[in-house]
Amino acid sequence: MNAKGSSDVALVSMPWMSPTMPSIQLATLVAALADHGIPADRYELYLDYAARVGVNLSKIMGGQSGFVPEWVFSRHYYQDSNPDRINEFRATRPRIGLASRELEDEVLEALCIATDAFLEDIAAGVPWGDYSAIGFTLTVSQLGPSMAMARMVRRVAPQATIIFGGTACAGPMGPAILQACAEADVIVAADGEDTLPEIVRRLAAGQELVGMAGVHWRDGDEVRSGPAGSPVHPGKVQSRLDYDPYFARLDRLGLRDAVEVWLPFEGSRGCWYGEKAQCTFCGLHEIMKFRSRDGERVLAQLDFFRERYGITKFFGVDLILPKEFHETLLPTLARRPEKWDIFYEVKADLTEEQFALMAAAGITWIQPGIESLDHDILRLMRKGVRPTHNIQILRWSKEQNIQVSWNLITGIPGARPEMYERMTALFPLLHHLPPPTGVGNFQLHRFSPYWDNAQDYGIERLGAHPLFRGVFPLPEQQLDDLVYWHDFRLADGDRSATTETAIADLAAAAKAWLLAFRAGAELSIISADDGRAVITDKRDGDARRFELDPDEAALYTVLSTNRRRSVIMNELERVSSGNRMTDAAVEETIETWADAGLIYTERDRVLALAVRPAADRRAALVAPHGYLE
């Protein structure tokens, strides 16, 4: 089933990674070990699991919150030691999006049987006993699967040192894993490029791990820790990353035609915005310090991937698109005749020129972190953008044929009913623009400002989210340290009935938006050669036409980027020197358009809503991750 190479090191990635992508974590660590002359074998076992249970089901589960995906495997780990709490989870578990709860129960029962067989087969099919060090990467929903596999590996390779590392090991979560998982020997709670090669070297030399930064290890019955680790620059590794084992595994499992592969790449680590003003709910990373790679090296890596694998779909794993790439990487890509499909997370306050450059460079899918369309809620979130920024990026996405994934977050501390009511009233004006993929209450995540400064925001932390009690049946304090997602109570008590109603109305309005968008809602503008323009409005089913004379058409063009009212006249004179509209005429036209829903006004800002025709139409891309759908 799995042939061993010439290495004493095995690196493993378990479900629930997306089967549509190779593991950049494993590829990076293998390259880092190669820099030190240490060969390593890769086992992207999430592919084996997807082949067993089906690619579609694997993607559905991988897009869920961590409770159910973790439980499918932690059930195997704890079924002998704590079967009651493990089985109780079935009654309290959240829905996973299938047609009925009864169907979900049947699917989960089948998954449990398939999971047990999968673990047994992998334990027997890989020569684990030949390795002296076996490492598991932990990202989202990989702790339970890695614990279960580590137990199976320990039985056949008692001499191996089992190492866990990744984002799920940050902060107190790392030592908590050692307490929860008897099979784990070492935890890497820092970037692994420097740390893992040194661990392997010391283990081979029979040396202790004392003094190693960012490392926790088991010493008899004790858990010991080195000093905190330092951030590593993402361009540190010199050996070339490759995804050869992933594609070999795809072929061996017969999955090559079952998945649309995206190749992950890394342009930066940290967040340049979060480094100075972290969004209040964001706990995506323990270390926000921004570190960007050189654009030329990123391009060389993408060119290598393109030549080697014949694939032009690339997934940026960065928390945010580096600003400097607008001067380096993107212009180079834009000048090339071959166009790629690139996914990136971006901040929504892009200029129109920057957005057009992204489109020209082949960024065809973005996640702009919109989260809200209300000015006051965005301020409470510390997003650093206005509703007009968010709406215009939705409009530009449609005009430039860029797919966009975004969601609405509700329940933010300090948010009042009228803020949700304003959005509910706004949504019908936006039915022609890409709708949110979901609406949900904010979650209290470790490392977020809401977590670090809970009292300042009127939040009382209550410990690990209660659903985790049936996933990892551990003593309360251990569980609190182990998990990322925590329960909370707002200091001013439960939300009022008025707020609950406002949020429910908002969710209903978001669903209506989705249905209208899928039905072809339209608000478009077509310009004529003589300077005139026609706006067609089919957002509510009935078609309306608005004819604009050349002066009005020039004004509408000025408003295609959100403008302060105080600069509109100057911009109009700049783009149309012969325009005859007076200040009063401009204000009267803006009010007329606002009444007709052709523009959006937000305090001192004005933004056109009608979409100009895209230069070309592309077929919709298949989401590489379930959470983007």
# chains A, B, ... in the order shown; residues from 1 in each chain; ligands from 1
$ residues_around --residues "A:Tyr131" --least-positions-apart "3" --cutoff "9 Å" --atoms "only C-alpha atoms" --output "list in words"
Ser7, Asp8, Val9, Ala10, Pro127, Trp128, Ile134, Ala157, Gln159, Ala160 and Thr161 of chain A
$ select_by_dssp --residues "stretch 56-216 of chain A" --states "strand (DSSP E)" --output "PyMOL selection string"
chain A and resi 133-137+161-165+186-188+215-216
$ write_last_selection --atoms "N, CA and C atoms" --output "CSV table (one decimal), in the first residue's frame"
chain,number,residue,atom,x,y,z
A,133,ALA,N,11.3,8.7,13.7
A,133,ALA,CA,10.6,9.9,14.0
A,133,ALA,C,9.4,10.0,13.1
A,134,ILE,N,8.2,10.2,13.6
A,134,ILE,CA,7.0,10.3,12.8
A,134,ILE,C,6.2,11.6,13.3
A,135,GLY,N,6.1,12.5,12.3
A,135,GLY,CA,5.5,13.8,12.6
A,135,GLY,C,4.1,13.9,12.0
A,136,PHE,N,3.2,14.5,12.8
A,136,PHE,CA,1.8,14.8,12.3
A,136,PHE,C,1.6,16.3,12.3
A,137,THR,N,1.1,16.8,11.2
A,137,THR,CA,0.8,18.3,11.1
A,137,THR,C,-0.7,18.5,11.6
A,161,THR,N,9.7,8.1,17.9
A,161,THR,CA,9.3,9.4,18.5
A,161,THR,C,8.1,10.0,17.7
A,162,ILE,N,7.0,10.2,18.3
A,162,ILE,CA,5.8,10.8,17.7
A,162,ILE,C,5.8,12.3,18.0
A,163,ILE,N,5.8,13.1,16.9
A,163,ILE,CA,5.9,14.6,17.0
A,163,ILE,C,4.6,15.2,16.4
A,164,PHE,N,4.0,16.1,17.2
A,164,PHE,CA,2.8,16.9,16.6
A,164,PHE,C,3.3,18.3,16.5
A,165,GLY,N,2.8,19.0,15.4
A,165,GLY,CA,3.2,20.4,15.2
A,165,GLY,C,2.1,21.0,14.3
A,186,VAL,N,6.5,14.7,21.5
A,186,VAL,CA,7.1,16.1,21.3
A,186,VAL,C,6.0,16.9,20.6
A,187,ILE,N,5.9,18.2,21.0
A,187,ILE,CA,5.1,19.2,20.4
A,187,ILE,C,5.9,20.3,19.9
A,188,VAL,N,5.7,20.7,18.6
A,188,VAL,CA,6.4,21.8,18.0
A,188,VAL,C,5.3,22.9,18.0
A,215,VAL,N,9.3,24.3,21.8
A,215,VAL,CA,9.1,22.9,21.9
A,215,VAL,C,8.6,22.5,23.3
A,216,HIS,N,7.7,21.5,23.3
A,216,HIS,CA,7.2,20.9,24.5
A,216,HIS,C,7.5,19.4,24.4
$ residues_around --residues "stretch 171-185 of chain A" --least-positions-apart "2" --cutoff "8 Å" --atoms "only C-alpha atoms" --output "list in words"
Met147, Ala150, Arg151, Arg154, Thr161, Ile162, Ile163, Phe164, Ala168, Cys169, Ile187, Val188, Ala189, His216, Trp217, Arg218, Val223, Ser225, Glu286, Leu474, Gln478, Leu479, Asp481, Leu482, Val483 and Tyr484 of chain A
$ residues_around --residues "A:Gln367" --least-positions-apart "6" --cutoff "9 Å" --atoms "only C-alpha atoms" --output "ChimeraX atom specification"
/A:343-347,403-406,628
$ residues_around --residues "A:Leu143" --least-positions-apart "2" --cutoff "9 Å" --atoms "only C-alpha atoms" --output "VMD selection string"
chain A and resid 14 70 73 to 74 137 to 141 145 to 148 168 177
$ select_by_dssp --residues "stretch 129-344 of chain A" --states "helix (DSSP H, G or I)" --output "number ranges by chain"
A: 129-130, 143-156, 167-169, 173-180, 192-205, 244-253, 274-277, 295-309, 323-326, 329-335
$ residues_around --residues "A:Ala508" --least-positions-apart "3" --cutoff "12 Å" --atoms "only C-alpha atoms" --output "mmCIF file with N, CA and C atoms, in the first residue's frame"
data_model
loop_
_atom_site.group_PDB
_atom_site.id
_atom_site.type_symbol
_atom_site.label_atom_id
_atom_site.label_comp_id
_atom_site.auth_asym_id
_atom_site.auth_seq_id
_atom_site.Cartn_x
_atom_site.Cartn_y
_atom_site.Cartn_z
ATOM 1 N N TYR A 420 -28.569 45.854 12.569
ATOM 2 C CA TYR A 420 -29.001 44.737 11.734
ATOM 3 C C TYR A 420 -30.172 45.149 10.855
ATOM 4 N N GLU A 421 -31.054 45.990 11.387
ATOM 5 C CA GLU A 421 -32.208 46.446 10.607
ATOM 6 C C GLU A 421 -31.766 47.261 9.401
ATOM 7 N N MET A 423 -29.028 46.840 7.682
ATOM 8 C CA MET A 423 -28.554 45.895 6.666
ATOM 9 C C MET A 423 -29.719 45.167 5.999
ATOM 10 N N THR A 424 -30.713 44.776 6.796
ATOM 11 C CA THR A 424 -31.873 44.094 6.231
ATOM 12 C C THR A 424 -32.551 44.977 5.183
ATOM 13 N N ALA A 425 -32.640 46.278 5.463
ATOM 14 C CA ALA A 425 -33.248 47.207 4.497
ATOM 15 C C ALA A 425 -32.356 47.392 3.272
ATOM 16 N N PHE A 427 -30.217 45.080 1.866
ATOM 17 C CA PHE A 427 -29.959 43.894 1.053
ATOM 18 C C PHE A 427 -30.724 43.856 -0.265
ATOM 19 N N PRO A 428 -32.010 44.243 -0.329
ATOM 20 C CA PRO A 428 -32.701 44.184 -1.634
ATOM 21 C C PRO A 428 -32.032 45.019 -2.721
ATOM 22 N N PRO A 436 -23.717 36.758 0.627
ATOM 23 C CA PRO A 436 -22.893 36.053 1.622
ATOM 24 C C PRO A 436 -23.123 34.552 1.534
ATOM 25 N N GLY A 438 -22.960 32.690 4.143
ATOM 26 C CA GLY A 438 -23.580 32.266 5.387
ATOM 27 C C GLY A 438 -23.731 33.424 6.349
ATOM 28 N N VAL A 439 -24.563 33.223 7.374
ATOM 29 C CA VAL A 439 -24.784 34.190 8.444
ATOM 30 C C VAL A 439 -24.638 33.438 9.757
ATOM 31 N N THR A 501 -34.777 39.102 17.038
ATOM 32 C CA THR A 501 -35.666 39.270 15.890
ATOM 33 C C THR A 501 -34.948 39.949 14.734
ATOM 34 N N ALA A 502 -34.160 40.965 15.064
ATOM 35 C CA ALA A 502 -33.423 41.695 14.014
ATOM 36 C C ALA A 502 -32.426 40.781 13.316
ATOM 37 N N ILE A 503 -31.754 39.908 14.064
ATOM 38 C CA ILE A 503 -30.793 38.980 13.463
ATOM 39 C C ILE A 503 -31.515 37.936 12.617
ATOM 40 N N ALA A 504 -32.648 37.445 13.112
ATOM 41 C CA ALA A 504 -33.429 36.480 12.328
ATOM 42 C C ALA A 504 -33.910 37.099 11.020
ATOM 43 N N ASP A 505 -34.357 38.356 11.072
ATOM 44 C CA ASP A 505 -34.790 39.049 9.858
ATOM 45 C C ASP A 505 -33.617 39.232 8.893
ATOM 46 N N LYS A 511 -30.910 35.103 2.878
ATOM 47 C CA LYS A 511 -31.381 33.968 2.081
ATOM 48 C C LYS A 511 -32.131 34.449 0.845
ATOM 49 N N ALA A 512 -32.968 35.487 1.021
ATOM 50 C CA ALA A 512 -33.688 36.050 -0.124
ATOM 51 C C ALA A 512 -32.708 36.617 -1.147
ATOM 52 N N TRP A 513 -31.632 37.217 -0.674
ATOM 53 C CA TRP A 513 -30.584 37.744 -1.557
ATOM 54 C C TRP A 513 -29.979 36.598 -2.376
ATOM 55 N N LEU A 514 -29.637 35.501 -1.708
ATOM 56 C CA LEU A 514 -29.046 34.361 -2.398
ATOM 57 C C LEU A 514 -29.984 33.837 -3.487
ATOM 58 N N LEU A 515 -31.257 33.690 -3.158
ATOM 59 C CA LEU A 515 -32.220 33.167 -4.124
ATOM 60 C C LEU A 515 -32.392 34.113 -5.313
#
$ residues_around --residues "A:Ala300" --least-positions-apart "5" --cutoff "12 Å" --atoms "only C-alpha atoms" --output "ChimeraX atom specification"
/A:240-241,265,267,293-295,305-307,329,332-333
$ closest_residue --among "A:Trp365, A:Tyr246, A:Phe472, A:Trp396" --to "A:Trp71" --atoms "only C-alpha atoms"
A:Phe472
$ closest_residue --among "A:Leu444, A:Ala114, A:Ile391, A:Ala32" --to "A:Leu196" --atoms "only C-alpha atoms"
A:Ala32
$ closest_residue --among "A:Glu266, A:Asp48, A:Asp221, A:Asp318" --to "A:Leu253" --atoms "only C-alpha atoms"
A:Asp48
